[in-house]
>>> print(open('data.pdb').read())   # PDB, C-alpha atoms
ATOM      1  CA  MET B   1      32.539 -30.558 -34.267  1.00  0.00           C
ATOM      2  CA  ILE B   2      33.422 -28.993 -30.915  1.00  0.00           C
ATOM      3  CA  ARG B   3      32.244 -25.643 -32.248  1.00  0.00           C
ATOM      4  CA  ASP B   4      28.872 -27.194 -33.281  1.00  0.00           C
ATOM      5  CA  ARG B   5      28.450 -28.692 -29.802  1.00  0.00           C
ATOM      6  CA  LEU B   6      29.247 -25.339 -28.174  1.00  0.00           C
ATOM      7  CA  VAL B   7      26.748 -23.571 -30.423  1.00  0.00           C
ATOM      8  CA  ARG B   8      24.063 -26.162 -29.592  1.00  0.00           C
ATOM      9  CA  LEU B   9      24.925 -25.912 -25.896  1.00  0.00           C
ATOM     10  CA  GLY B  10      24.693 -22.113 -26.148  1.00  0.00           C
ATOM     11  CA  VAL B  11      21.283 -22.337 -27.824  1.00  0.00           C
ATOM     12  CA  THR B  12      20.095 -24.813 -25.168  1.00  0.00           C
ATOM     13  CA  VAL B  13      21.331 -22.591 -22.323  1.00  0.00           C
ATOM     14  CA  LEU B  14      19.732 -19.539 -23.941  1.00  0.00           C
ATOM     15  CA  THR B  15      16.444 -21.424 -24.435  1.00  0.00           C
ATOM     16  CA  VAL B  16      16.435 -22.591 -20.806  1.00  0.00           C
ATOM     17  CA  ALA B  17      17.210 -19.043 -19.633  1.00  0.00           C
ATOM     18  CA  VAL B  18      14.380 -17.553 -21.713  1.00  0.00           C
ATOM     19  CA  VAL B  19      11.916 -20.185 -20.447  1.00  0.00           C
ATOM     20  CA  ALA B  20      13.052 -19.619 -16.830  1.00  0.00           C
ATOM     21  CA  VAL B  21      12.634 -15.856 -17.182  1.00  0.00           C
ATOM     22  CA  GLY B  22       9.199 -16.338 -18.739  1.00  0.00           C
ATOM     23  CA  VAL B  23       8.103 -18.600 -15.884  1.00  0.00           C
ATOM     24  CA  ALA B  24       9.503 -16.177 -13.283  1.00  0.00           C
ATOM     25  CA  CYS B  25       7.641 -13.284 -14.869  1.00  0.00           C
ATOM     26  CA  SER B  26       4.325 -15.088 -15.120  1.00  0.00           C
ATOM     27  CA  ALA B  27       4.194 -17.257 -12.008  1.00  0.00           C
ATOM     28  CA  GLY B  28       3.531 -15.577  -8.678  1.00  0.00           C
ATOM     29  CA  GLN B  29       3.249 -12.121 -10.183  1.00  0.00           C
ATOM     30  CA  THR B  30      -0.268 -11.361  -8.960  1.00  0.00           C
ATOM     31  CA  TYR B  31       0.012  -8.749  -6.257  1.00  0.00           C
ATOM     32  CA  GLU B  32      -2.294  -7.325  -3.668  1.00  0.00           C
ATOM     33  CA  PRO B  33      -3.187  -3.682  -4.430  1.00  0.00           C
ATOM     34  CA  VAL B  34      -1.849  -2.607  -1.011  1.00  0.00           C
ATOM     35  CA  GLY B  35       1.615  -1.148  -0.466  1.00  0.00           C
ATOM     36  CA  LEU B  36       3.414   0.584   2.391  1.00  0.00           C
ATOM     37  CA  THR B  37       6.179   3.176   2.419  1.00  0.00           C
ATOM     38  CA  ARG B  38       7.626   5.901   4.649  1.00  0.00           C
ATOM     39  CA  PRO B  39       7.975   9.566   3.790  1.00  0.00           C
ATOM     40  CA  LYS B  40      11.595  10.775   3.596  1.00  0.00           C
ATOM     41  CA  ASP B  41      10.970  13.590   6.049  1.00  0.00           C
ATOM     42  CA  ASP B  42       9.160  11.561   8.742  1.00  0.00           C
ATOM     43  CA  SER B  43      10.747   8.265   9.742  1.00  0.00           C
ATOM     44  CA  ARG B  44       8.007   7.529  12.320  1.00  0.00           C
ATOM     45  CA  SER B  45       5.052   7.588   9.909  1.00  0.00           C
ATOM     46  CA  VAL B  46       3.980   4.789   7.608  1.00  0.00           C
ATOM     47  CA  VAL B  47       2.028   5.610   4.460  1.00  0.00           C
ATOM     48  CA  ALA B  48      -0.394   3.091   2.978  1.00  0.00           C
ATOM     49  CA  LEU B  49      -1.008   3.075  -0.775  1.00  0.00           C
ATOM     50  CA  TYR B  50      -3.936   1.418  -2.521  1.00  0.00           C
ATOM     51  CA  LEU B  51      -4.295   0.853  -6.267  1.00  0.00           C
ATOM     52  CA  THR B  52      -7.953   1.352  -7.178  1.00  0.00           C
ATOM     53  CA  CYS B  53      -9.580   0.109 -10.372  1.00  0.00           C
ATOM     54  CA  GLY B  54     -12.169   2.112 -12.294  1.00  0.00           C
ATOM     55  CA  ASP B  55     -14.918   3.451 -10.059  1.00  0.00           C
ATOM     56  CA  GLU B  56     -13.730   1.501  -7.000  1.00  0.00           C
ATOM     57  CA  LYS B  57     -13.985   3.459  -3.747  1.00  0.00           C
ATOM     58  CA  VAL B  58     -12.221   2.848  -0.439  1.00  0.00           C
ATOM     59  CA  GLU B  59     -14.872   2.429   2.241  1.00  0.00           C
ATOM     60  CA  ALA B  60     -12.569   1.867   5.249  1.00  0.00           C
ATOM     61  CA  VAL B  61      -8.924   1.331   6.186  1.00  0.00           C
ATOM     62  CA  THR B  62      -8.147  -0.497   9.428  1.00  0.00           C
ATOM     63  CA  LEU B  63      -4.915  -1.409  11.228  1.00  0.00           C
ATOM     64  CA  TYR B  64      -5.130  -4.538  13.375  1.00  0.00           C
ATOM     65  CA  PRO B  65      -2.672  -6.549  15.434  1.00  0.00           C
ATOM     66  CA  ASP B  66      -1.675  -9.802  13.715  1.00  0.00           C
ATOM     67  CA  THR B  67      -2.903 -13.035  15.324  1.00  0.00           C
ATOM     68  CA  GLY B  68       0.510 -14.575  14.591  1.00  0.00           C
ATOM     69  CA  ASP B  69      -0.376 -16.222  11.312  1.00  0.00           C
ATOM     70  CA  GLY B  70      -0.834 -13.203   9.041  1.00  0.00           C
ATOM     71  CA  ASN B  71      -4.490 -12.766   9.949  1.00  0.00           C
ATOM     72  CA  ALA B  72      -6.053  -9.729  11.574  1.00  0.00           C
ATOM     73  CA  ASP B  73      -7.295  -9.773  15.159  1.00  0.00           C
ATOM     74  CA  ARG B  74     -10.524  -7.977  14.230  1.00  0.00           C
ATOM     75  CA  SER B  75     -11.593  -7.700  17.870  1.00  0.00           C
ATOM     76  CA  ARG B  76      -8.849  -5.113  18.517  1.00  0.00           C
ATOM     77  CA  PRO B  77      -8.597  -2.434  15.809  1.00  0.00           C
ATOM     78  CA  LEU B  78      -5.655  -0.108  16.449  1.00  0.00           C
ATOM     79  CA  TRP B  79      -6.691   2.573  13.942  1.00  0.00           C
ATOM     80  CA  ARG B  80      -9.578   2.981  11.518  1.00  0.00           C
ATOM     81  CA  ILE B  81     -10.831   5.507   9.017  1.00  0.00           C
ATOM     82  CA  GLU B  82     -14.070   5.340   7.052  1.00  0.00           C
ATOM     83  CA  GLY B  83     -14.910   6.980   3.752  1.00  0.00           C
ATOM     84  CA  LEU B  84     -17.672   9.562   3.844  1.00  0.00           C
ATOM     85  CA  ASP B  85     -20.854   8.816   1.884  1.00  0.00           C
ATOM     86  CA  SER B  86     -20.236   5.666  -0.144  1.00  0.00           C
ATOM     87  CA  GLY B  87     -16.444   5.764   0.028  1.00  0.00           C
ATOM     88  CA  ALA B  88     -13.642   7.943  -1.234  1.00  0.00           C
ATOM     89  CA  ASN B  89     -10.093   7.709  -2.549  1.00  0.00           C
ATOM     90  CA  ALA B  90      -6.897   9.360  -1.426  1.00  0.00           C
ATOM     91  CA  PRO B  91      -3.445   9.219  -2.985  1.00  0.00           C
ATOM     92  CA  GLU B  92      -1.993   8.188   0.383  1.00  0.00           C
ATOM     93  CA  TYR B  93      -3.269   7.020   3.744  1.00  0.00           C
ATOM     94  CA  VAL B  94      -0.916   8.018   6.580  1.00  0.00           C
ATOM     95  CA  ILE B  95      -1.481   5.535   9.383  1.00  0.00           C
ATOM     96  CA  GLY B  96      -2.874   7.464  12.338  1.00  0.00           C
ATOM     97  CA  ARG B  97      -4.474  10.267  10.306  1.00  0.00           C
ATOM     98  CA  ALA B  98      -7.602  10.724   8.203  1.00  0.00           C
ATOM     99  CA  PRO B  99      -7.153  12.107   4.673  1.00  0.00           C
ATOM    100  CA  PRO B 100      -9.805  14.388   3.123  1.00  0.00           C
ATOM    101  CA  GLY B 101     -13.016  12.445   2.461  1.00  0.00           C
ATOM    102  CA  PHE B 102     -12.487  10.148   5.460  1.00  0.00           C
ATOM    103  CA  LEU B 103     -13.594  10.166   9.076  1.00  0.00           C
ATOM    104  CA  LEU B 104     -11.301   8.948  11.874  1.00  0.00           C
ATOM    105  CA  THR B 105     -13.360   6.344  13.774  1.00  0.00           C
ATOM    106  CA  GLN B 106     -10.571   4.643  15.800  1.00  0.00           C
ATOM    107  CA  ARG B 107      -7.704   6.808  16.927  1.00  0.00           C
ATOM    108  CA  LEU B 108      -4.166   5.375  16.954  1.00  0.00           C
ATOM    109  CA  GLU B 109      -3.153   5.622  20.614  1.00  0.00           C
ATOM    110  CA  SER B 110       0.600   5.247  20.020  1.00  0.00           C
ATOM    111  CA  THR B 111       3.070   4.432  17.272  1.00  0.00           C
ATOM    112  CA  PRO B 112       3.251   0.638  16.909  1.00  0.00           C
ATOM    113  CA  VAL B 113       6.338  -1.175  18.177  1.00  0.00           C
ATOM    114  CA  GLN B 114       8.843  -1.627  15.326  1.00  0.00           C
ATOM    115  CA  LYS B 115       8.679  -5.440  15.249  1.00  0.00           C
ATOM    116  CA  ALA B 116       5.023  -5.863  16.194  1.00  0.00           C
ATOM    117  CA  PRO B 117       3.168  -7.964  13.606  1.00  0.00           C
ATOM    118  CA  LEU B 118       0.299  -5.958  12.116  1.00  0.00           C
ATOM    119  CA  VAL B 119      -2.311  -6.279   9.391  1.00  0.00           C
ATOM    120  CA  LEU B 120      -3.539  -3.340   7.329  1.00  0.00           C
ATOM    121  CA  GLU B 121      -6.899  -3.957   5.717  1.00  0.00           C
ATOM    122  CA  PHE B 122      -8.657  -1.996   2.968  1.00  0.00           C
ATOM    123  CA  ASP B 123     -12.406  -2.495   2.542  1.00  0.00           C
ATOM    124  CA  THR B 124     -13.523  -1.220  -0.847  1.00  0.00           C
ATOM    125  CA  SER B 125     -16.614  -1.187  -3.011  1.00  0.00           C
ATOM    126  CA  LYS B 126     -15.096  -4.175  -4.869  1.00  0.00           C
ATOM    127  CA  GLY B 127     -13.898  -6.271  -1.924  1.00  0.00           C
ATOM    128  CA  GLU B 128     -11.201  -6.487   0.698  1.00  0.00           C
ATOM    129  CA  SER B 129      -7.394  -6.515   0.518  1.00  0.00           C
ATOM    130  CA  SER B 130      -4.909  -6.728   3.328  1.00  0.00           C
ATOM    131  CA  LEU B 131      -1.190  -6.711   3.999  1.00  0.00           C
ATOM    132  CA  ALA B 132       0.578  -8.284   6.990  1.00  0.00           C
ATOM    133  CA  PHE B 133       3.752  -6.454   8.022  1.00  0.00           C
ATOM    134  CA  ALA B 134       5.928  -5.221  10.865  1.00  0.00           C
ATOM    135  CA  TYR B 135       6.069  -1.450  11.333  1.00  0.00           C
ATOM    136  CA  GLY B 136       9.878  -1.446  11.279  1.00  0.00           C
ATOM    137  CA  GLU B 137      10.105  -3.299   7.929  1.00  0.00           C
ATOM    138  CA  VAL B 138       8.784  -0.328   5.977  1.00  0.00           C
ATOM    139  CA  GLU B 139      11.426   1.928   4.386  1.00  0.00           C
ATOM    140  CA  ALA B 140      11.421   5.380   2.816  1.00  0.00           C
ATOM    141  CA  ASP B 141      11.398   5.552  -1.005  1.00  0.00           C
ATOM    142  CA  LYS B 142      10.459   1.876  -1.300  1.00  0.00           C
ATOM    143  CA  VAL B 143       7.046   0.247  -1.381  1.00  0.00           C
ATOM    144  CA  TYR B 144       6.651  -2.889   0.704  1.00  0.00           C
ATOM    145  CA  THR B 145       4.020  -5.224  -0.748  1.00  0.00           C
ATOM    146  CA  ARG B 146       3.248  -8.920  -1.119  1.00  0.00           C
ATOM    147  CA  ASN B 147       2.033 -11.095  -3.934  1.00  0.00           C
ATOM    148  CA  THR B 148      -1.040 -13.252  -3.461  1.00  0.00           C
ATOM    149  CA  GLU B 149       1.179 -16.185  -2.407  1.00  0.00           C
ATOM    150  CA  GLY B 150       2.478 -14.077   0.510  1.00  0.00           C
ATOM    151  CA  GLU B 151       5.968 -13.410  -0.851  1.00  0.00           C
ATOM    152  CA  VAL B 152       7.374  -9.982   0.018  1.00  0.00           C
ATOM    153  CA  SER B 153       8.410  -7.544  -2.694  1.00  0.00           C
ATOM    154  CA  VAL B 154      10.075  -4.191  -2.262  1.00  0.00           C
ATOM    155  CA  LEU B 155       9.429  -1.928  -5.244  1.00  0.00           C
ATOM    156  CA  THR B 156       9.924   1.667  -6.260  1.00  0.00           C
ATOM    157  CA  ARG B 157       6.808   3.828  -6.108  1.00  0.00           C
ATOM    158  CA  ASP B 158       6.755   4.085  -9.910  1.00  0.00           C
ATOM    159  CA  VAL B 159       6.834   0.303 -10.370  1.00  0.00           C
ATOM    160  CA  PHE B 160       4.141  -0.179  -7.713  1.00  0.00           C
ATOM    161  CA  GLY B 161       1.914   2.438  -9.376  1.00  0.00           C
ATOM    162  CA  ALA B 162       2.442   0.966 -12.847  1.00  0.00           C
ATOM    163  CA  ARG B 163       0.998  -2.343 -11.667  1.00  0.00           C
ATOM    164  CA  SER B 164      -2.493  -0.846 -11.407  1.00  0.00           C
ATOM    165  CA  GLN B 165      -3.178  -1.567 -15.094  1.00  0.00           C
ATOM    166  CA  ARG B 166      -2.286  -5.229 -14.628  1.00  0.00           C
ATOM    167  CA  LEU B 167      -4.320  -5.460 -11.417  1.00  0.00           C
ATOM    168  CA  CYS B 168      -7.370  -3.894 -13.041  1.00  0.00           C
ATOM    169  CA  ALA B 169      -7.193  -6.284 -16.003  1.00  0.00           C
ATOM    170  CA  ARG B 170      -7.721  -9.379 -13.829  1.00  0.00           C
TER     171      ARG B 170
END
>>> encode(input="data.pdb", output="structure tokens")
Amino acid sequence: MIRDRLVRLGVTVLTVAVVAVGVACSAGQTYEPVGLTRPKDDSRSVVALYLTCGDEKVEAVTLYPDTGDGNADRSRPLWRIEGLDSGANAPEYVIGRAPPGFLLTQRLESTPVQKAPLVLEFDTSKGESSLAFAYGEVEADKVYTRNTEGEVSVLTRDVFGARSQRLCAR
């Protein structure tokens, strides 16, 4: 009798755990296609990553100060690059530089203060995506990103890159 209760309790606990894991994996798992990391060999630089879908092209990347609520102060761009022709793609976008296929239209005057709230915005042929962050939060070998509810996630580069299939399926 006690054994039967323990078995039923074990099945109930296992069922609850499986349901909880299923909810955790499905709820809040929609992420912005923007991520940030630092190169190992340059602790001052921040590298932006963008997961494109299909024929999507990046038209511009802009760094703005944050207004204090996670929104960009668009009247004061700190750095901006624009894709040549009708946009381009690069594997990485080092903040302050222009990768091949892009033109530097707003030069970064100085490295942002470590705790300054910033917003990085990607304008693409399929819309706009942004990421609010502080320059000092970004670490080497990890990708700092947020889900669409604003929750921060720190992922490996491989995990961040693997999400492109899920992002493109939405």
>>> axis_aligned_box(input="data.pdb", around="stretch 60-78 of chain B", padding_each_side="5 Å", output="AutoDock Vina command-line options")
--center_x -6.0 --center_y -7.2 --center_z 11.9 --size_x 23.1 --size_y 28.1 --size_z 23.3
>>> residues_around(input="data.pdb", residues="stretch 60-67 of chain B", least_positions_apart="4", cutoff="8 Å", atoms="only C-alpha atoms", output="PyMOL selection string")
chain B and resi 71-74+76-83+87+95+116-124+132
>>> atom_distance(input="data.pdb", atom1="atom CA of B:Val94", atom2="atom CA of B:Ser43")
12.1 Å
>>> closest_atom_pairs(input="data.pdb", of="stretch 14-105 of chain B", to="stretch 144-156 of chain B", cutoff="6 Å", atoms="only C-alpha atoms", output="CSV")
residue,atom,partner,partner_atom,distance
B:Thr30,CA,B:Asn147,CA,5.5
B:Tyr31,CA,B:Asn147,CA,3.9
B:Glu32,CA,B:Asn147,CA,5.7
B:Gly35,CA,B:Thr145,CA,4.7
B:Leu36,CA,B:Tyr144,CA,5.0
>>> resolve_selection(input="data.pdb", expression="the PyMOL selection byres ((chain B and resi 47-56) around 6)", output="ChimeraX atom specification")
/B:33-38,46,57,92-94,125,164,168
>>> closest_residue(input="data.pdb", among="B:Asp69, B:Ser45, B:Lys142, B:Pro39", to="B:Thr111", atoms="only C-alpha atoms")
B:Ser45
>>> atom_distance(input="data.pdb", atom1="atom CA of B:Pro112", atom2="atom CA of B:Glu137")
12.0 Å
>>> closest_residue(input="data.pdb", among="B:Ser75, B:Asp41, B:Ala88, B:Gly70", to="B:Ala134", atoms="all atoms listed in the file")
B:Gly70
